[in-house]
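What follows is a short report on a single structure.
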Amino acid sequence: MTPSAIPLGSWERDPRRYWEGFTEALTAAGVDSPALVLDTSALEYNVADLLRRAGGVPIRVASKSLRVRSVIADLVARPGFAGVLAYDLDEARWLATESGITDVLMGYPTVRASAIGGFLADETATTRVTLLVDSVAHLDAIDAIAAPGSRPPVRVAIDLDASLRALGGRVHLGVRRSPIHDQDAALALGRSIVDRPGFDLVGVMSYEAQVAGVGDDVPGKRAKNGAVRLMQRASMAEIRRRRGRVVAALRDIAPLEIVNAGGTGSLEATSHDTAVTDIAAGSGVFGGHLFDTYRRFRPAPALAFGLDVVRVPAPGFVTCAGGGWIASGPPAPDRLPRPVWPRELHYVGTEAAGEVQTPLHGPGTEGLRIGDRVWFRHTKSGEVCERSSRVARIARTADGTARVEALTPTYRGEGKCFL
């Protein structure tokens with residue numbers, strides 16, 4: 001199913017009913033604020049759109065961007081999805097052994113001795129989880145916990161840097177991840193893995209953050225948007241060529257199973273890379289407001305959180321309890337949650353989103369009273385689940401009436417705190 005086959009949700013047709021429906025559903029179910037909600041109709045819209053944009057390339061679920069185990073397991077079991085991209089080794093082991101997910105790729109290296117030791121002692125996890133490395137030192141850290149003859153073979157993938165470099169490396173566009181950037185470096189590390197007892201080279205992972213994580217349709221930034229699009233086209237052309245050469249060279253020394261790349265923001269572009277076996281995506285499932293600045297797609301606001309108004313300190317101002325659910329990344333206004341209902345609510349510049357209280361001002365405060373609820377969208381997605389033990393799954397009837405379908409635990413609700 002494609003989004004064109006799905007009727008527009010009330011988030012566009014009737015936003016008042018969409019957002020106030022959350023309040024009505026939670027009130028009827030006796031769920032207090034701060035409340036995290038997940039609208040199942042909006043989630044299904046987003047899932048269909050991700051599959052459309054991936055163009056038939058399997059999507060690997062980025063668990064960092066969700067952090068709700070039941071949602072992750074549900075997606076992995078669907079056609080068009082394949083495995084998980086995990087962010088912590090204890091998390092990867094938990095998903096592999098307790099959720100039965102048979103293909104978990106680590107998205108980051110680890111050197112934490114306790115996590116490595118538990119993993120090496122778990123025969124199920126070692127067959128289902130692939131560790132990520134970009135240095136021989138990562139192999140050394142594993143061998144320091146258990147020598148090759150005393151443990152099962154460890155599946156590993158190489159993290160290939162996908163940044164765009166120019167002017168002899170003086171210009172670096174992308175994230176600072178792996179030192180493995182070119183074919184020679186990848187092949188040298190690959191040979192070290194293949195020649196070393198106790199390790200199996202099974203994959204390559206690369207993340208073109210400068211495409212997947214940068215919006216190209218920021219309001220009021222026409223010139224910058226144009227420059228970003230030019231950069232992203234050049235970057236994708238470069239990484240397709242370079243990744244193809246690296247993968248071909250590594251396949252000469254090892255039977256690679258996994259070539260993972262991309263993210264929610266680059267699905268269309270990454271899907272054209274014939275070297276790639278699956279594309280990572282997660283944030284697009286919940287639809288954080290970060291993606292409102294992308295020209296290529298516009299996800300539905302499936303995940304949101306509601307806060308209570310607890311003060312009316314002056315005309316034109318209200319104060320909500322809590323609210324400082326800030327996203328990671330460079331400190332800037334786009335890392336803040338966005339108040340979306342009532343409309344025309346704005347942060348107070350001297351306070352913004354506070355840990356225990358968030359003052360707001362603007363025309364949207366008119367009519368708000370103590371005890372009313374204000375709705376926010378988070379910047380990305382999964383991080384907000386660290387602030388709540390549960391998420392209220394909201395179902396809607398044919399006439400749009402919302403109800404709480406279930407209260408589902410987040411990672412925190414299951415007692416997990418990985419990073």
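If you're wondering about the labels, chains in the structure tokens are A, B, ... by order shown, residues count from 1 in each chain, ligands from 1 in order shown.
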
I'd like a table as JSON lines: residues in stretch 334-411 of chain A with an atom no more than 6 Å from stretch 303-320 of chain A, each row giving the shortest atom pair and its distance in Å to one decimal, only C-alpha atoms counted, sorted by chain and rising residue number.
{"residue": "A:Gln357", "atom": "CA", "partner": "A:Cys320", "partner_atom": "CA", "distance": 5.5}
{"residue": "A:Thr358", "atom": "CA", "partner": "A:Cys320", "partner_atom": "CA", "distance": 5.1}
{"residue": "A:Pro359", "atom": "CA", "partner": "A:Thr319", "partner_atom": "CA", "distance": 4.0}
{"residue": "A:Leu360", "atom": "CA", "partner": "A:Val318", "partner_atom": "CA", "distance": 5.4}
{"residue": "A:His361", "atom": "CA", "partner": "A:Phe317", "partner_atom": "CA", "distance": 4.4}
{"residue": "A:Gly362", "atom": "CA", "partner": "A:Gly316", "partner_atom": "CA", "distance": 5.9}
{"residue": "A:Thr365", "atom": "CA", "partner": "A:Gly316", "partner_atom": "CA", "distance": 5.7}
{"residue": "A:Ile370", "atom": "CA", "partner": "A:Val309", "partner_atom": "CA", "distance": 5.1}
{"residue": "A:Gly371", "atom": "CA", "partner": "A:Val309", "partner_atom": "CA", "distance": 5.3}
{"residue": "A:Asp372", "atom": "CA", "partner": "A:Val309", "partner_atom": "CA", "distance": 5.4}
{"residue": "A:Arg373", "atom": "CA", "partner": "A:Asp308", "partner_atom": "CA", "distance": 4.6}
{"residue": "A:Val374", "atom": "CA", "partner": "A:Leu307", "partner_atom": "CA", "distance": 5.4}
{"residue": "A:Trp375", "atom": "CA", "partner": "A:Gly306", "partner_atom": "CA", "distance": 4.4}
{"residue": "A:Phe376", "atom": "CA", "partner": "A:Phe305", "partner_atom": "CA", "distance": 5.4}
{"residue": "A:Arg377", "atom": "CA", "partner": "A:Ala304", "partner_atom": "CA", "distance": 4.8}

Requested in this report: Would you kindly return, as an MDAnalysis selection string, each protein, DNA or RNA residue with an atom no farther than 6 Å from any atom of stretch 212-225 of chain A, considering only C-alpha atoms and excluding same-chain residues fewer than 4 positions away?
Outcome: chainID A and resid 263 265:266 293:295

Can you write out as CSV which residues of stretch 35-110 of chain A fall within 9 Å of stretch 129-144 of chain A, alongside each residue's closest atom pair and its distance in Å to one decimal, counting only C-alpha atoms and ordering rows by chain and ascending residue number?
residue,atom,partner,partner_atom,distance
A:Leu89,CA,A:Leu131,CA,8.1
A:Ala92,CA,A:Val129,CA,6.7
A:Arg93,CA,A:Val129,CA,7.1
A:Ala96,CA,A:Val129,CA,7.1
A:Thr102,CA,A:Val129,CA,7.6
A:Asp103,CA,A:Val129,CA,6.2
A:Val104,CA,A:Val129,CA,4.7
A:Leu105,CA,A:Thr130,CA,4.8
A:Met106,CA,A:Leu131,CA,5.2
A:Gly107,CA,A:Leu132,CA,6.5
A:Tyr108,CA,A:Leu132,CA,5.8
A:Pro109,CA,A:Leu132,CA,5.0
A:Thr110,CA,A:His138,CA,7.5
